[in-house]
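Engineer: Input query.tsv, format and content: TSV, C-alpha atoms.
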chain	number	residue	atom	x	y	z
P	95	MET	CA	-36.49	-77.03	73.87
P	96	LYS	CA	-38.53	-77.75	70.77
P	97	TRP	CA	-41.78	-75.93	70.21
P	98	GLN	CA	-44.38	-76.00	67.50
P	99	ILE	CA	-44.94	-72.42	66.47
P	100	SER	CA	-48.71	-72.64	66.91
P	101	GLU	CA	-48.17	-73.55	70.58
P	102	LEU	CA	-46.52	-70.17	71.10
P	103	PHE	CA	-49.45	-68.19	69.72
P	104	GLY	CA	-51.44	-66.57	72.51
P	105	MET	CA	-48.78	-67.15	75.17
P	106	SER	CA	-48.33	-64.43	77.77
P	107	VAL	CA	-45.04	-62.55	77.79
P	108	TYR	CA	-43.57	-61.31	81.06
P	109	THR	CA	-40.23	-59.74	81.94
P	110	ASP	CA	-38.05	-61.30	84.63
P	111	ARG	CA	-39.34	-58.60	86.99
P	112	ALA	CA	-42.86	-59.99	86.56
P	113	VAL	CA	-44.11	-57.16	84.35
P	114	PHE	CA	-46.75	-58.26	81.85
P	115	ILE	CA	-45.93	-57.16	78.30
P	116	GLY	CA	-48.55	-58.80	76.04
P	117	ASN	CA	-49.53	-61.95	74.17
P	118	VAL	CA	-47.68	-63.63	71.33
P	119	ALA	CA	-49.48	-62.98	68.05
P	120	ASP	CA	-46.88	-64.14	65.58
P	121	VAL	CA	-43.28	-65.30	65.20
P	122	VAL	CA	-40.95	-63.60	62.72
P	123	ILE	CA	-38.61	-66.03	61.00
P	124	ASP	CA	-35.34	-65.03	59.39
P	125	ILE	CA	-35.34	-67.36	56.39
P	126	ASP	CA	-31.73	-66.78	55.27
P	127	ASN	CA	-30.28	-67.62	58.68
P	128	LYS	CA	-32.93	-70.26	59.47
P	129	LYS	CA	-33.55	-68.69	62.85
P	130	MET	CA	-36.38	-66.99	64.62
P	131	ALA	CA	-35.87	-63.24	64.50
P	132	SER	CA	-38.47	-61.90	66.89
P	133	LEU	CA	-41.84	-62.38	68.53
P	134	ALA	CA	-44.71	-60.14	67.47
P	135	LEU	CA	-46.91	-59.25	70.42
P	136	THR	CA	-50.41	-57.85	70.68
P	137	ASN	CA	-52.63	-57.03	73.64
P	138	ILE	CA	-49.81	-54.84	74.96
P	139	ASN	CA	-49.99	-53.76	78.58
P	140	PRO	CA	-50.94	-50.05	78.27
P	141	ASP	CA	-49.08	-49.20	81.49
P	142	ILE	CA	-45.66	-50.00	80.10
P	143	ILE	CA	-45.67	-48.40	76.68
P	144	ASP	CA	-47.72	-45.94	74.65
P	145	LEU	CA	-48.42	-47.65	71.33
P	146	LYS	CA	-50.08	-44.63	69.67
P	147	SER	CA	-51.60	-46.03	66.45
P	148	PHE	CA	-49.45	-49.16	66.28
P	149	LYS	CA	-50.99	-52.56	66.81
P	150	GLY	CA	-48.24	-54.32	68.68
P	151	LEU	CA	-44.61	-54.75	69.61
P	152	LYS	CA	-41.78	-56.86	68.28
P	153	VAL	CA	-39.51	-58.45	70.85
P	154	PRO	CA	-36.15	-59.50	69.41
P	155	TYR	CA	-35.19	-63.12	69.97
P	156	ARG	CA	-32.07	-62.23	71.99
P	157	LEU	CA	-34.26	-60.81	74.79
P	158	ILE	CA	-36.01	-64.15	75.37
P	159	LYS	CA	-34.78	-65.96	78.45
P	160	GLU	CA	-37.13	-68.90	78.76
P	161	VAL	CA	-40.27	-70.35	77.21
P	162	SER	CA	-42.51	-72.73	79.10
P	163	ASP	CA	-46.02	-71.88	80.30
P	164	ILE	CA	-45.24	-68.24	79.65
P	165	VAL	CA	-42.52	-66.43	77.71
P	166	LEU	CA	-39.96	-64.77	79.97
P	167	ILE	CA	-37.89	-61.90	78.54
P	168	ARG	CA	-35.09	-59.86	79.99
P	169	HIS	CA	-36.17	-56.69	81.76
P	170	ILE	CA	-34.75	-53.52	80.25
P	171	PRO	CA	-34.47	-50.84	82.94
P	172	GLY	CA	-35.88	-47.57	81.68
P	173	ALA	CA	-37.40	-49.01	78.54
P	174	PHE	CA	-40.89	-49.17	79.94
P	175	LYS	CA	-42.99	-46.28	81.21
P	176	SER	CA	-44.02	-47.58	84.61
P	177	SER	CA	-40.72	-49.25	85.46
P	178	ARG	CA	-38.84	-46.03	84.71
P	179	GLU	CA	-40.50	-44.30	87.62
P	180	LYS	CA	-39.75	-47.25	89.86
P	181	ASP	CA	-36.10	-47.36	88.77
P	182	GLN	CA	-35.70	-43.73	89.71
P	183	ASN	CA	-37.10	-44.36	93.16
P	184	GLU	CA	-34.72	-47.22	93.84
F	246	MET	CA	-32.23	-60.49	54.92
F	247	THR	CA	-35.57	-62.15	54.28
F	248	LYS	CA	-37.94	-62.18	57.18
F	249	ALA	CA	-41.41	-63.62	57.25
F	250	PHE	CA	-44.23	-63.91	59.73
F	251	ALA	CA	-44.97	-67.51	60.69
F	252	ARG	CA	-48.68	-67.00	60.11
F	253	THR	CA	-48.16	-66.00	56.47
F	254	LEU	CA	-45.85	-68.98	55.96
F	255	ARG	CA	-48.47	-71.36	57.28
F	256	ARG	CA	-50.74	-70.65	54.33
F	257	LYS	CA	-48.10	-71.47	51.74
F	258	LYS	CA	-47.59	-74.62	49.69
F	259	ILE	CA	-44.41	-76.65	49.60
F	260	MET	CA	-42.78	-77.38	46.26
F	261	SER	CA	-39.76	-79.61	45.71
F	262	SER	CA	-36.94	-78.37	43.50
F	263	ASP	CA	-38.10	-80.62	40.62
F	264	GLY	CA	-41.37	-78.68	40.45
F	265	LYS	CA	-43.68	-81.10	42.25
F	266	VAL	CA	-46.12	-79.67	44.76
F	267	ILE	CA	-45.71	-81.69	47.94
F	268	GLY	CA	-48.42	-80.24	50.12
F	269	GLN	CA	-49.49	-77.59	52.55
F	270	LEU	CA	-47.44	-76.28	55.46
F	271	LYS	CA	-49.14	-77.14	58.76
F	272	ASN	CA	-46.69	-76.08	61.40
F	273	ILE	CA	-43.10	-75.11	62.10
F	274	ILE	CA	-40.90	-76.54	64.84
F	275	ILE	CA	-38.35	-74.23	66.42
F	276	ASP	CA	-35.75	-74.65	69.14
F	277	VAL	CA	-36.36	-71.77	71.52
F	278	GLY	CA	-33.03	-72.29	73.26
F	279	SER	CA	-30.93	-71.68	70.15
F	280	GLY	CA	-33.53	-69.88	68.04
F	281	GLN	CA	-33.00	-72.37	65.23
F	282	VAL	CA	-35.87	-73.40	62.99
F	283	ILE	CA	-35.71	-77.19	62.90
F	284	ASN	CA	-38.55	-78.74	60.93
F	285	LEU	CA	-41.52	-77.95	58.76
F	286	ILE	CA	-44.59	-80.09	59.31
F	287	VAL	CA	-46.22	-80.60	55.94
F	288	LYS	CA	-49.52	-82.27	55.12
F	289	PRO	CA	-48.89	-84.05	51.80
F	290	ASP	CA	-51.36	-83.65	48.94
F	291	THR	CA	-53.41	-86.77	48.24
F	292	GLY	CA	-51.67	-87.29	44.89
F	293	PHE	CA	-48.16	-87.18	46.37
F	294	ASP	CA	-46.35	-90.48	46.87
F	295	THR	CA	-45.08	-90.40	50.44
F	296	SER	CA	-43.73	-93.97	50.59
F	297	ASN	CA	-40.09	-92.85	50.62
F	298	TYR	CA	-40.44	-90.20	53.26
F	299	LYS	CA	-40.41	-89.96	57.01
F	300	LEU	CA	-44.04	-89.65	58.10
F	301	ASP	CA	-45.39	-88.62	61.45
F	302	ASP	CA	-49.12	-89.10	61.83
F	303	GLU	CA	-49.86	-88.48	58.13
F	304	CYS	CA	-47.63	-85.40	58.12
F	305	MET	CA	-44.15	-85.10	56.64
F	306	LEU	CA	-41.28	-83.68	58.64
F	307	ILE	CA	-39.06	-81.62	56.37
F	308	PRO	CA	-35.78	-80.31	57.81
F	309	PHE	CA	-35.59	-76.54	57.44
F	310	GLU	CA	-32.06	-77.08	56.07
F	311	ALA	CA	-33.69	-78.30	52.85
F	312	VAL	CA	-35.52	-75.01	52.28
F	313	LYS	CA	-34.00	-73.16	49.32
F	314	ASP	CA	-36.23	-70.13	49.11
F	315	ILE	CA	-39.62	-68.84	50.15
F	316	LYS	CA	-41.61	-66.55	47.89
F	317	ASP	CA	-45.05	-67.66	46.67
F	318	TYR	CA	-44.10	-71.25	47.39
F	319	ILE	CA	-41.73	-72.80	49.87
F	320	VAL	CA	-39.15	-74.51	47.66
F	321	VAL	CA	-37.28	-77.43	49.20
F	322	ASP	CA	-34.32	-79.37	47.83
F	323	ARG	CA	-35.58	-82.82	46.90
F	324	TYR	CA	-32.24	-84.50	47.61
F	325	MET	CA	-32.33	-83.34	51.20
F	326	LEU	CA	-35.85	-84.51	51.87
F	327	ARG	CA	-35.05	-88.09	52.78
Reformat the file's structure so that it appears as structure tokens.
Structural biologist:
Amino acid sequence: MKWQISELFGMSVYTDRAVFIGNVADVVIDIDNKKMASLALTNINPDIIDLKSFKGLKVPYRLIKEVSDIVLIRHIPGAFKSSREKDQNE
Amino acid sequence: MTKAFARTLRRKKIMSSDGKVIGQLKNIIIDVGSGQVINLIVKPDTGFDTSNYKLDDECMLIPFEAVKDIKDYIVVDRYMLR
């Protein structure tokens, strides 16, 4: 799937367990390997992670599962605040 | 390993390896499936002769393979442009 990078800006990012993470603010490109390295996200869902004074999150490319109307990333059990409690209950 | 934000790249100018400024970077095309950066979409400067190049709606498509280095300018190999 080919995408113009500006089309990705502003896209919503969800995990495959339908947890909202944030919006795409920028794409980090690895120039030596001619690949995309990660997505930089802003507008982070405050329920999943405590950002402290940081402005956003970087999601490594290998976590991305699919890009279409939204960006779908793999869910990491225990990585996010609210899901950790849920995982323990399961 | 050199990494760059796409937004900072989009303000940079493209220069060919013989020192000619080609134009301004407009957009970048990536393949999300493989993560590969495929093309740069470049708006040529008015003084640049584009007759030998592949044009798409007034913009040049430059394969990312041709990119040699990115510092203040994006330097592309002029032999790989065509």
Engineer: Given a cut-off of 6 Å, which residues of chain F touch chain P, counting all atoms listed in the file, written out as JSON, numbers by chain?
Structural biologist: {"F": [247, 248, 249, 250, 251, 273, 274, 275, 276, 277, 278, 280, 281, 282]}
Engineer: Name the residues in contact with Asp290 (chain F) at a cut-off of 7 Å, using only C-alpha atoms, excluding same-chain residues fewer than 2 positions from it; report them as a list in words.
Structural biologist: Ile267, Gly268, Lys288, Gly292 and Phe293 of chain F
Engineer: To one decimal in Å, tell me the separation between CA of Phe174 (chain P) and CA of Asn137 (chain P).
Structural biologist: 15.5 Å
Engineer: To one decimal place in Å, what is the distance between CA of Met305 (chain F) and CA of Asn117 (chain P)?
Structural biologist: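 Rounded to one decimal, the two atoms are 29.5 Å apart.
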Engineer: Quick check, in Å to one decimal: how far apart do CA of Val287 (chain F) and CA of Val312 (chain F) lie?
Structural biologist: 12.6 Å
Engineer: May I have the residues within 7 Å of Val320 (chain F) as a list in words, using all atoms listed in the file and disregarding those fewer than 6 positions away in the same chain?
Structural biologist: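 Here the answer would be Ile259, Met260, Ser261, Ser262, Val312, Lys313 and Asp314 of chain F.
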